[in-house]
$ cat structure-v2.cif   # mmCIF, C-alpha atoms
data_model
#
loop_
_atom_site.label_atom_id
_atom_site.label_comp_id
_atom_site.auth_asym_id
_atom_site.auth_seq_id
_atom_site.Cartn_x
_atom_site.Cartn_y
_atom_site.Cartn_z
CA ALA E 1 96.84 83.54 88.09
CA HIS E 2 99.74 81.13 88.69
CA TRP E 3 100.97 82.80 91.78
CA GLN E 4 100.02 82.38 95.36
CA GLU E 5 98.73 85.71 96.55
CA LYS E 6 98.25 86.05 100.26
CA ARG E 7 94.92 87.60 100.98
CA LYS E 8 95.25 90.38 103.48
CA VAL E 9 91.78 90.64 104.87
CA SER E 10 91.70 94.12 106.17
CA ARG E 11 88.77 96.44 106.64
CA GLN E 12 90.96 99.26 105.45
CA ASN E 13 91.48 97.60 102.09
CA ARG E 14 87.81 97.15 101.51
CA SER E 15 86.94 100.78 101.97
CA ALA E 16 86.73 102.92 98.87
CA GLY E 17 88.42 105.80 100.66
CA PRO E 18 92.03 106.92 100.64
CA GLN E 19 93.13 103.30 100.92
CA ALA E 20 91.73 102.38 97.53
CA CYS E 21 94.20 100.44 95.45
CA CYS E 22 96.29 101.42 92.46
CA ARG E 23 94.04 103.13 89.96
CA LEU E 24 93.70 105.99 87.52
CA GLN E 25 92.89 109.40 88.94
CA GLU E 26 92.26 112.71 87.21
CA LEU E 27 95.06 115.24 87.34
CA THR E 28 95.30 118.54 85.50
CA VAL E 29 98.71 119.70 84.33
CA ASP E 30 99.42 123.39 83.83
CA LEU E 31 101.32 124.00 80.60
CA HIS E 32 102.08 127.67 81.25
CA TYR E 33 105.66 126.87 82.12
CA GLU E 34 106.30 125.22 78.80
CA LYS E 35 106.65 128.47 76.93
CA PHE E 36 106.67 126.93 73.52
CA ILE E 37 103.13 125.53 73.89
CA ILE E 38 100.47 127.95 72.63
CA VAL E 39 97.37 125.77 72.95
CA PRO E 40 96.19 124.40 75.31
CA LYS E 41 97.18 126.15 78.56
CA ARG E 42 96.35 123.09 80.62
CA TYR E 43 95.08 119.59 80.08
CA ILE E 44 94.00 116.48 81.95
CA ALA E 45 97.05 114.25 82.13
CA ASN E 46 95.83 111.88 84.86
CA ASN E 47 98.01 109.99 87.28
CA CYS E 48 98.12 106.49 88.71
CA GLU E 49 97.75 106.43 92.46
CA GLY E 50 97.24 103.96 95.26
CA PRO E 51 99.04 101.10 96.89
CA CYS E 52 99.86 97.84 95.19
CA ARG E 53 98.34 95.20 97.40
CA PHE E 54 97.41 91.53 97.23
CA PRO E 55 95.45 90.08 95.67
CA LEU E 56 96.46 91.87 92.51
CA SER E 57 94.42 89.59 90.30
CA THR E 58 91.12 90.93 91.59
CA ARG E 59 92.14 94.56 91.94
CA ILE E 60 94.66 95.63 89.34
CA PRO E 61 94.16 94.73 85.70
CA ASP E 62 97.84 95.05 84.81
CA TYR E 63 100.69 93.42 86.72
CA SER E 64 103.55 91.08 85.98
CA SER E 65 104.87 87.86 87.51
CA HIS E 66 107.87 89.97 88.52
CA THR E 67 105.64 92.29 90.53
CA VAL E 68 103.87 89.43 92.30
CA LEU E 69 107.18 87.82 93.26
CA LEU E 70 108.58 91.10 94.60
CA MET E 71 105.47 91.62 96.69
CA GLY E 72 105.72 88.08 98.00
CA MET E 73 109.28 88.75 99.15
CA GLN E 74 108.19 91.90 100.87
CA GLU E 75 105.33 90.16 102.60
CA ARG E 76 107.73 87.57 104.00
CA GLY E 77 109.82 90.31 105.54
CA ALA E 78 112.60 90.59 102.97
CA PRO E 79 113.32 94.31 102.54
CA LEU E 80 113.07 95.71 99.05
CA ARG E 81 115.02 98.83 98.17
CA ARG E 82 112.23 99.68 95.75
CA SER E 83 108.68 98.48 96.40
CA PRO E 84 106.21 97.84 93.61
CA CYS E 85 104.71 101.05 92.38
CA CYS E 86 101.41 102.08 90.76
CA VAL E 87 102.36 103.56 87.39
CA PRO E 88 100.87 104.27 83.98
CA VAL E 89 101.22 101.27 81.70
CA LYS E 90 99.43 102.84 78.75
CA TYR E 91 99.42 106.41 77.51
CA SER E 92 97.62 108.31 74.80
CA ASP E 93 98.95 111.14 72.66
CA LYS E 94 97.80 114.74 72.67
CA GLU E 95 97.56 117.23 69.86
CA ILE E 96 99.08 120.57 70.78
CA ILE E 97 99.92 123.79 68.93
CA ARG E 98 103.38 125.08 69.59
CA ILE E 99 105.81 127.69 68.39
CA THR E 100 109.11 126.70 66.86
CA THR E 101 111.89 128.57 65.09
CA GLU E 102 109.99 127.93 61.86
CA GLY E 103 106.73 129.35 63.18
CA ILE E 104 103.53 127.72 64.41
CA GLN E 105 103.25 123.96 64.36
CA VAL E 106 100.44 121.51 65.02
CA THR E 107 102.06 118.52 66.72
CA MET E 108 100.96 115.22 68.22
CA PHE E 109 102.93 114.74 71.42
CA PRO E 110 103.23 111.09 72.38
CA ASN E 111 102.61 109.72 75.87
CA MET E 112 100.91 112.75 77.31
CA VAL E 113 97.88 111.23 79.03
CA ALA E 114 97.92 108.24 81.38
CA GLU E 115 95.15 105.86 80.29
CA GLU E 116 95.73 102.66 82.24
CA CYS E 117 97.55 101.82 85.43
CA GLY E 118 99.42 98.81 86.67
CA CYS E 119 101.70 97.63 89.45
CA ARG E 120 105.35 97.26 88.46
CA ALA L 1 113.90 116.51 74.37
CA HIS L 2 111.07 119.00 74.01
CA TRP L 3 110.68 119.69 77.65
CA GLN L 4 112.37 122.16 79.87
CA GLU L 5 114.16 120.18 82.54
CA LYS L 6 115.47 122.15 85.47
CA ARG L 7 118.98 121.14 86.23
CA LYS L 8 119.41 120.53 89.90
CA VAL L 9 123.12 120.89 90.37
CA SER L 10 123.75 118.99 93.50
CA ARG L 11 126.86 117.23 94.66
CA GLN L 12 124.71 114.43 95.96
CA ASN L 13 123.35 113.74 92.51
CA ARG L 14 126.73 113.42 90.97
CA SER L 15 128.00 110.79 93.35
CA ALA L 16 127.70 107.18 92.23
CA GLY L 17 126.65 106.14 95.72
CA PRO L 18 123.21 105.52 97.17
CA GLN L 19 121.94 108.61 95.40
CA ALA L 20 122.49 107.15 91.95
CA CYS L 21 119.47 107.58 89.72
CA CYS L 22 116.84 105.13 88.55
CA ARG L 23 118.61 102.08 87.20
CA LEU L 24 118.61 98.30 87.04
CA GLN L 25 119.99 96.43 90.03
CA GLU L 26 120.47 92.73 90.61
CA LEU L 27 117.97 91.03 92.89
CA THR L 28 117.59 87.34 93.57
CA VAL L 29 114.11 85.97 94.15
CA ASP L 30 113.59 82.81 96.21
CA LEU L 31 111.06 80.51 94.56
CA HIS L 32 110.75 78.07 97.49
CA TYR L 33 107.40 79.52 98.45
CA GLU L 34 105.91 78.83 95.05
CA LYS L 35 105.41 75.14 95.72
CA PHE L 36 104.51 74.29 92.18
CA ILE L 37 107.93 75.32 90.82
CA ILE L 38 110.41 72.45 90.75
CA VAL L 39 113.33 74.11 88.98
CA PRO L 40 114.89 76.54 89.67
CA LYS L 41 114.80 77.25 93.42
CA ARG L 42 115.83 80.83 92.92
CA TYR L 43 116.66 83.16 90.07
CA ILE L 44 117.90 86.68 89.33
CA ALA L 45 114.81 88.77 88.77
CA ASN L 46 116.42 92.21 89.13
CA ASN L 47 114.69 95.36 90.28
CA CYS L 48 114.63 98.99 89.24
CA GLU L 49 115.83 101.32 91.95
CA GLY L 50 116.76 104.93 92.45
CA PRO L 51 115.13 108.31 92.31
CA CYS L 52 113.71 109.90 89.21
CA ARG L 53 115.47 113.22 88.93
CA PHE L 54 116.05 115.91 86.34
CA PRO L 55 117.49 115.97 83.85
CA LEU L 56 115.95 112.68 82.75
CA SER L 57 117.26 112.96 79.23
CA THR L 58 120.85 112.46 80.30
CA ARG L 59 120.24 109.91 83.01
CA ILE L 60 117.30 107.64 82.26
CA PRO L 61 116.90 106.08 78.85
CA ASP L 62 113.14 105.57 79.21
CA TYR L 63 110.67 108.22 80.27
CA SER L 64 107.55 109.85 78.91
CA SER L 65 106.35 113.41 78.39
CA HIS L 66 103.82 112.61 81.12
CA THR L 67 106.61 111.84 83.57
CA VAL L 68 108.51 115.04 82.76
CA LEU L 69 105.39 117.15 83.24
CA LEU L 70 104.57 115.50 86.58
CA MET L 71 108.10 116.15 87.79
CA GLY L 72 107.88 119.75 86.67
CA MET L 73 104.72 120.22 88.73
CA GLN L 74 106.40 118.71 91.74
CA GLU L 75 109.43 120.92 91.35
CA ARG L 76 107.22 123.99 91.34
CA GLY L 77 105.74 122.95 94.66
CA ALA L 78 102.49 121.37 93.50
CA PRO L 79 102.00 118.25 95.62
CA LEU L 80 101.57 114.98 93.77
CA ARG L 81 99.73 112.15 95.48
CA ARG L 82 101.96 109.77 93.54
CA SER L 83 105.46 110.82 92.49
CA PRO L 84 107.18 109.42 89.43
CA CYS L 85 108.63 106.03 90.13
CA CYS L 86 111.55 103.96 88.81
CA VAL L 87 109.98 100.81 87.38
CA PRO L 88 110.72 98.05 84.90
CA VAL L 89 109.66 99.03 81.41
CA LYS L 90 110.85 95.85 79.75
CA TYR L 91 110.86 92.29 80.99
CA SER L 92 112.15 88.99 79.71
CA ASP L 93 110.60 85.56 80.13
CA LYS L 94 112.01 82.64 82.10
CA GLU L 95 111.79 78.95 81.43
CA ILE L 96 110.79 76.99 84.51
CA ILE L 97 109.81 73.41 85.27
CA ARG L 98 106.69 73.05 87.33
CA ILE L 99 104.25 70.46 88.57
CA THR L 100 100.62 70.56 87.53
CA THR L 101 97.67 68.22 87.96
CA GLU L 102 98.76 66.59 84.69
CA GLY L 103 102.33 66.03 85.84
CA ILE L 104 105.59 67.82 85.06
CA GLN L 105 105.56 70.73 82.65
CA VAL L 106 108.26 72.85 81.03
CA THR L 107 106.84 76.36 80.83
CA MET L 108 107.99 79.79 79.71
CA PHE L 109 106.73 82.27 82.28
CA PRO L 110 106.37 85.76 80.85
CA ASN L 111 107.65 88.93 82.50
CA MET L 112 109.87 87.30 85.07
CA VAL L 113 113.08 89.29 84.77
CA ALA L 114 113.33 93.08 84.71
CA GLU L 115 115.60 94.08 81.82
CA GLU L 116 115.21 97.83 81.45
CA CYS L 117 114.10 100.59 83.75
CA GLY L 118 112.31 103.87 83.26
CA CYS L 119 110.62 106.67 85.15
CA ARG L 120 106.83 106.65 85.00
CA LEU M 1 72.31 124.58 62.20
CA SER M 2 73.06 121.23 63.74
CA TRP M 3 74.37 119.99 67.03
CA ASN M 4 77.94 120.44 65.91
CA ARG M 5 79.78 123.47 67.20
CA SER M 6 80.66 125.94 64.47
CA CYS M 7 83.90 127.88 64.67
CA VAL M 8 85.71 130.29 62.39
CA PHE M 9 88.36 128.48 60.40
CA TYR M 10 91.55 130.23 59.32
CA GLU M 11 95.14 129.15 58.90
CA HIS M 12 97.82 131.70 58.11
CA PRO M 13 99.50 130.81 54.83
CA HIS M 14 103.06 131.35 56.09
CA ASN M 15 105.14 129.89 58.88
CA LEU M 16 102.58 127.25 59.74
CA GLN M 17 103.27 123.53 59.81
CA GLY M 18 100.41 121.10 60.06
CA SER M 19 96.74 121.91 60.19
CA MET M 20 93.69 121.67 62.45
CA ARG M 21 91.41 121.04 59.50
CA HIS M 22 90.83 117.43 60.53
CA ARG M 23 88.96 118.54 63.66
CA GLY M 24 85.84 119.24 61.67
CA HIS M 25 84.22 119.83 58.34
CA VAL M 26 85.23 123.07 56.63
CA LEU M 27 82.56 125.02 54.81
CA GLY M 28 82.96 128.23 52.89
CA GLY M 29 85.30 130.03 50.64
CA THR M 30 88.88 130.98 50.31
CA GLU M 31 89.03 134.07 52.54
CA SER M 32 87.05 133.13 55.59
CA SER M 33 85.61 129.74 56.38
CA THR M 34 83.47 128.07 58.96
CA ILE M 35 84.26 124.66 60.40
CA LEU M 36 81.73 122.28 61.97
CA CYS M 37 83.57 120.52 64.79
CA ASN M 38 83.75 116.76 64.95
CA SER M 39 85.70 116.23 68.17
CA SER M 40 84.35 118.75 70.65
CA GLN M 41 82.20 121.80 71.34
CA CYS M 42 85.29 123.95 71.66
CA CYS M 43 86.77 126.61 69.37
CA PHE M 44 90.26 128.08 69.55
CA GLY M 45 91.94 131.18 68.22
CA ILE M 46 95.51 132.43 68.04
CA TRP M 47 96.41 136.02 67.16
CA ASN M 48 99.72 137.78 66.78
CA GLN M 49 99.75 141.03 68.73
CA SER M 50 102.08 143.65 67.32
CA HIS M 51 102.04 147.42 67.69
CA GLY M 52 98.62 147.29 69.25
CA ARG M 53 97.17 145.34 66.34
CA LEU M 54 95.93 141.77 66.24
CA GLN M 55 96.50 139.54 63.26
CA ALA M 56 94.84 136.14 63.07
CA VAL M 57 97.25 133.21 62.95
CA MET M 58 94.98 130.18 63.42
CA GLN M 59 91.31 129.71 64.16
CA GLY M 60 89.39 126.50 64.27
CA CYS M 61 87.93 123.64 66.27
CA TRP M 62 89.87 122.38 69.24
CA GLY M 63 90.12 118.63 69.75
CA SER M 64 88.82 118.40 73.31
CA ASP M 65 86.28 119.98 75.67
CA ARG M 66 88.42 119.31 78.68
CA ASP M 67 91.48 121.49 78.17
CA GLY M 68 90.04 124.54 79.90
CA CYS M 69 87.33 125.47 77.43
CA ASP M 70 85.08 126.87 80.13
CA SER M 71 84.31 130.31 78.77
CA PRO M 72 81.64 130.91 76.13
CA ALA M 73 83.53 134.00 74.97
CA CYS M 74 87.06 134.31 73.67
CA LYS M 75 89.09 135.74 76.55
CA THR M 76 92.72 135.60 75.57
CA SER M 77 95.85 135.25 77.58
CA PRO M 78 99.18 136.32 76.19
CA ILE M 79 102.26 134.25 75.67
CA HIS M 80 105.55 136.05 75.21
CA THR M 81 107.73 133.78 73.24
CA MET M 82 110.39 134.05 70.60
CA GLY M 83 110.09 137.79 70.35
CA ALA M 84 106.36 137.82 69.69
CA ILE M 85 103.20 138.20 71.71
CA LEU M 86 100.62 135.58 70.90
CA GLN M 87 97.09 135.89 72.21
CA ARG M 88 95.15 132.63 72.45
CA CYS M 89 91.82 131.48 73.73
CA LEU M 90 89.55 128.47 73.95
CA CYS M 91 85.82 129.13 74.00
CA HIS M 92 82.60 127.17 73.67
CA SER M 93 79.94 128.95 71.72
CA ASP M 94 79.27 129.13 68.03
CA LEU M 95 81.83 131.27 66.17
CA CYS M 96 83.16 132.52 69.49
CA ASN M 97 86.67 132.52 68.03
CA ALA M 98 85.79 135.08 65.36
CA ASN M 99 87.19 137.92 67.46
CA VAL M 100 88.86 138.48 70.75
CA SER M 101 86.17 139.35 73.32
CA TRP M 102 88.62 140.22 76.00
CA LEU M 103 92.31 140.80 75.50
CA GLY M 104 94.51 139.37 78.23
CA LEU P 1 135.21 66.47 74.88
CA SER P 2 134.61 70.08 73.97
CA TRP P 3 133.93 73.23 75.90
CA ASN P 4 130.25 72.44 76.09
CA ARG P 5 128.98 71.01 79.31
CA SER P 6 127.71 67.45 78.96
CA CYS P 7 124.77 66.29 81.01
CA VAL P 8 122.67 63.15 81.15
CA PHE P 9 119.52 63.55 79.12
CA TYR P 10 116.30 61.78 80.09
CA GLU P 11 112.63 62.66 79.90
CA HIS P 12 110.04 60.37 81.45
CA PRO P 13 107.60 59.20 78.79
CA HIS P 14 104.47 59.83 80.87
CA ASN P 15 102.97 62.85 82.57
CA LEU P 16 105.44 65.24 81.01
CA GLN P 17 104.50 68.27 78.95
CA GLY P 18 107.15 70.12 77.03
CA SER P 19 110.82 69.26 76.79
CA MET P 20 114.26 70.60 77.68
CA ARG P 21 115.79 69.11 74.55
CA HIS P 22 116.29 72.52 72.98
CA ARG P 23 118.91 73.43 75.63
CA GLY P 24 121.55 71.42 73.85
CA HIS P 25 122.43 68.77 71.34
CA VAL P 26 121.31 65.27 72.26
CA LEU P 27 123.65 62.40 71.49
CA GLY P 28 123.07 58.75 72.10
CA GLY P 29 120.43 56.13 72.03
CA THR P 30 116.94 55.46 73.16
CA GLU P 31 117.53 54.41 76.76
CA SER P 32 120.06 56.87 78.05
CA SER P 33 121.38 59.91 76.26
CA THR P 34 123.91 62.62 76.70
CA ILE P 35 123.22 66.23 75.87
CA LEU P 36 125.84 68.87 75.05
CA CYS P 37 124.54 72.14 76.50
CA ASN P 38 124.12 75.22 74.34
CA SER P 39 122.89 77.76 76.91
CA SER P 40 124.95 77.20 80.04
CA GLN P 41 127.42 75.04 81.96
CA CYS P 42 124.65 73.79 84.21
CA CYS P 43 122.90 70.41 84.43
CA PHE P 44 119.67 69.64 86.24
CA GLY P 45 117.97 66.53 87.50
CA ILE P 46 114.54 65.72 88.92
CA TRP P 47 113.75 62.43 90.67
CA ASN P 48 110.57 61.08 92.19
CA GLN P 49 111.22 59.72 95.66
CA SER P 50 108.84 56.97 96.71
CA HIS P 51 109.23 54.24 99.32
CA GLY P 52 112.89 55.02 99.67
CA ARG P 53 113.53 54.65 95.95
CA LEU P 54 114.44 57.29 93.39
CA GLN P 55 113.06 57.27 89.89
CA ALA P 56 114.37 59.71 87.30
CA VAL P 57 111.79 62.12 85.94
CA MET P 58 113.86 64.61 83.92
CA GLN P 59 117.58 65.14 83.39
CA GLY P 60 119.22 67.58 81.07
CA CYS P 61 120.86 70.94 80.52
CA TRP P 62 119.55 73.90 82.43
CA GLY P 63 119.13 77.18 80.55
CA SER P 64 121.16 79.45 82.84
CA ASP P 65 124.28 79.46 85.03
CA ARG P 66 122.81 82.01 87.37
CA ASP P 67 119.90 80.22 88.99
CA GLY P 68 121.91 78.77 91.87
CA CYS P 69 124.08 76.29 89.97
CA ASP P 70 126.95 76.66 92.38
CA SER P 71 127.67 73.08 93.29
CA PRO P 72 129.71 70.78 91.05
CA ALA P 73 127.86 67.79 92.49
CA CYS P 74 124.17 67.01 92.50
CA LYS P 75 122.94 67.81 96.00
CA THR P 76 119.19 67.63 95.96
CA SER P 77 116.55 69.38 97.96
CA PRO P 78 113.08 67.94 98.30
CA ILE P 79 109.82 69.51 97.31
CA HIS P 80 106.66 68.06 98.81
CA THR P 81 103.92 68.79 96.40
CA MET P 82 100.76 67.17 95.15
CA GLY P 83 101.29 64.06 97.20
CA ALA P 84 104.77 63.35 95.88
CA ILE P 85 108.33 64.05 96.96
CA LEU P 86 110.44 65.40 94.16
CA GLN P 87 114.20 65.68 94.56
CA ARG P 88 115.88 68.25 92.32
CA CYS P 89 119.33 69.67 91.84
CA LEU P 90 121.36 71.99 89.66
CA CYS P 91 125.06 71.19 89.28
CA HIS P 92 127.96 72.28 87.13
CA SER P 93 130.26 69.48 86.16
CA ASP P 94 130.08 67.01 83.30
CA LEU P 95 127.36 64.40 83.77
CA CYS P 96 126.89 65.56 87.37
CA ASN P 97 123.14 64.93 87.03
CA ALA P 98 123.61 61.21 86.40
CA ASN P 99 122.93 60.39 90.04
CA VAL P 100 122.08 62.11 93.24
CA SER P 101 125.33 62.76 95.13
CA TRP P 102 123.60 63.92 98.24
CA LEU P 103 119.95 63.44 99.03
CA GLY P 104 118.33 66.39 100.72
#

$ encode --input "structure-v2.cif" --output "structure tokens"
Amino acid sequence: AHWQEKRKVSRQNRSAGPQACCRLQELTVDLHYEKFIIVPKRYIANNCEGPCRFPLSTRIPDYSSHTVLLMGMQERGAPLRRSPCCVPVKYSDKEIIRITTEGIQVTMFPNMVAEECGCR
Amino acid sequence: AHWQEKRKVSRQNRSAGPQACCRLQELTVDLHYEKFIIVPKRYIANNCEGPCRFPLSTRIPDYSSHTVLLMGMQERGAPLRRSPCCVPVKYSDKEIIRITTEGIQVTMFPNMVAEECGCR
Amino acid sequence: LSWNRSCVFYEHPHNLQGSMRHRGHVLGGTESSTILCNSSQCCFGIWNQSHGRLQAVMQGCWGSDRDGCDSPACKTSPIHTMGAILQRCLCHSDLCNANVSWLG
Amino acid sequence: LSWNRSCVFYEHPHNLQGSMRHRGHVLGGTESSTILCNSSQCCFGIWNQSHGRLQAVMQGCWGSDRDGCDSPACKTSPIHTMGAILQRCLCHSDLCNANVSWLG
């Protein structure tokens, strides 16, 4: 809330369509290719999607001063080699059953499901 | 280290040039536009830049199972609306001197400098 | 019984690390048990397929309804891994994981 | 003296929250002090410019060498904010923040 965030008043931004800002979206990941995972075959991993736009404070619950300053630079025409990006900032774990050299194992895999998104 | 990471053997990947993977790069941010900041006028904020490529385990110190699975999907031709992104995963704070309605204030601003990068 | 899903509960005594016991309340004896699920309405089963025969490896409650637990019956799909064929299913009716309804 | 940068140390008694004292070791009396920097080789100074006169607001050690502390002398730049003109500089020579060398 310290930072000056230019308000881009744009009809596009206000629509809830494909232009909706950085947020969590459902995404199913197929685990067939990970041959050591027995159960489940797929799961809902989610993804963070959408542009990072001003004003962040009213749209995105998680962002840093660093992000705001980068976006300010960009808005003033300074080119950034890497623009701020909508990414998971919090994950949850998932219990899976897998096969190992010792047999069957029930395991908690960390950071499997995206739970919250932010602009970084 | 659980996950199967396809090794893309590509001469491009091995060069240290513009194709170098997700890593920390120096970036100076101009604070002139934040009119409440007295000192400093600019500072080194850094940015995370570069593609997120397999194998992550040998290239990027910070990544999640979620990221690896998303990249696997992408590699198998499933389109992702948001690809994994090289972002700061750790910040440091910066002491600044600013002006407020009460006068001059020495403040520690959190999350001002990117210190470590990861693929999310 | 109650609103909780009931599944067959079994865990092979050898070559198994960890347990799925915490996903419900286990009732019943030493040979074959029933578990009342606490996390979902979904059962799972894993069998070892060898020489045309199926041997139960693990049966119990799964932790989520959202991992592809669409079928009421246990329709398995095989996984060829580490020299074995494992048949596994998720299903969502009471005791649906007792047997394989359809071998994949 | 030693390898530590020395800067003038002053903090206006009114309308100031927080302190930069921790950026070095303060020597000297009540009116005007010197501080031996512990974090950098950089001094800073802030003056209030009013009716052609400069009044010191804060002087001390800055916490970093990398925030544009390139000049050995105190060349200020103005900031017009909240109805005041503040002149500030970073500089990297001993006691360079005693006065404004060049008013911006």

$ resolve_selection --input "structure-v2.cif" --expression "the PyMOL selection byres ((chain L and resi 114) around 9)" --output "list in words"
His66 of chain E; Leu24, Ala45, Asn46, Asn47, Cys48, Val87, Pro88, Val89, Lys90, Tyr91, Ser92, Asn111, Met112, Val113, Glu115, Glu116 and Cys117 of chain L

$ resolve_selection --input "structure-v2.cif" --expression "the PyMOL selection byres ((chain P and resi 69) around 9)" --output "list of chain:residue names"
P:Gln41, P:Cys42, P:Cys43, P:Phe44, P:Ser64, P:Asp65, P:Arg66, P:Asp67, P:Gly68, P:Asp70, P:Ser71, P:Pro72, P:Cys89, P:Leu90, P:Cys91, P:His92

$ atom_distance --input "structure-v2.cif" --atom1 "CA of Ala78 (chain L)" --atom2 "CA of Arg120 (chain L)"
17.5 Å

$ axis_aligned_box --input "structure-v2.cif" --around "region 50-57 of chain P" --padding-each-side "8 Å" --output "lines of an AutoDock Vina configuration file"
center_x = 111.6
center_y = 58.2
center_z = 92.8
size_x = 21.6
size_y = 23.9
size_z = 29.7

$ resolve_selection --input "structure-v2.cif" --expression "the PyMOL selection byres ((chain P) within 10 of (chain L))" --output "MDAnalysis selection string"
chainID P and resid 12 14:20 44:46 57:58 62:69 77:82 86:90

$ atom_distance --input "structure-v2.cif" --atom1 "CA of Arg59 (chain E)" --atom2 "CA of Leu80 (chain L)"
22.6 Å

$ closest_residue --input "structure-v2.cif" --among "E:Ala20, E:Leu69, E:Asp62, E:Arg53" --to "chain L" --atoms "all atoms listed in the file"
E:Leu69

$ residues_near_point --input "structure-v2.cif" --point "(107.1, 58.2, 96.3)" --cutoff "7 Å" --atoms "only C-alpha atoms" --output "MDAnalysis selection string"
chainID P and resid 48:51 84:85

$ write_last_selection --input "structure-v2.cif" --atoms "C-alpha atoms" --output "compact mmCIF listing (two decimals), keeping the file's coordinate frame"
# COMPACT_ATOMS: atom_id res chain seq x y z
CA ASN P 48 110.57 61.08 92.19
CA GLN P 49 111.22 59.72 95.66
CA SER P 50 108.84 56.97 96.71
CA HIS P 51 109.23 54.24 99.32
CA ALA P 84 104.77 63.35 95.88
CA ILE P 85 108.33 64.05 96.96

$ atom_distance --input "structure-v2.cif" --atom1 "CA of Cys86 (chain E)" --atom2 "CA of Pro61 (chain E)"
11.5 Å

$ closest_residue --input "structure-v2.cif" --among "L:Cys85, L:Cys52, L:Arg23, L:Met108" --to "chain E" --atoms "only C-alpha atoms"
L:Cys85

$ residues_near_point --input "structure-v2.cif" --point "(119.0, 56.0, 85.6)" --cutoff "9 Å" --atoms "all atoms listed in the file" --output "number ranges by chain"
P: 10, 32, 55-56, 98-99
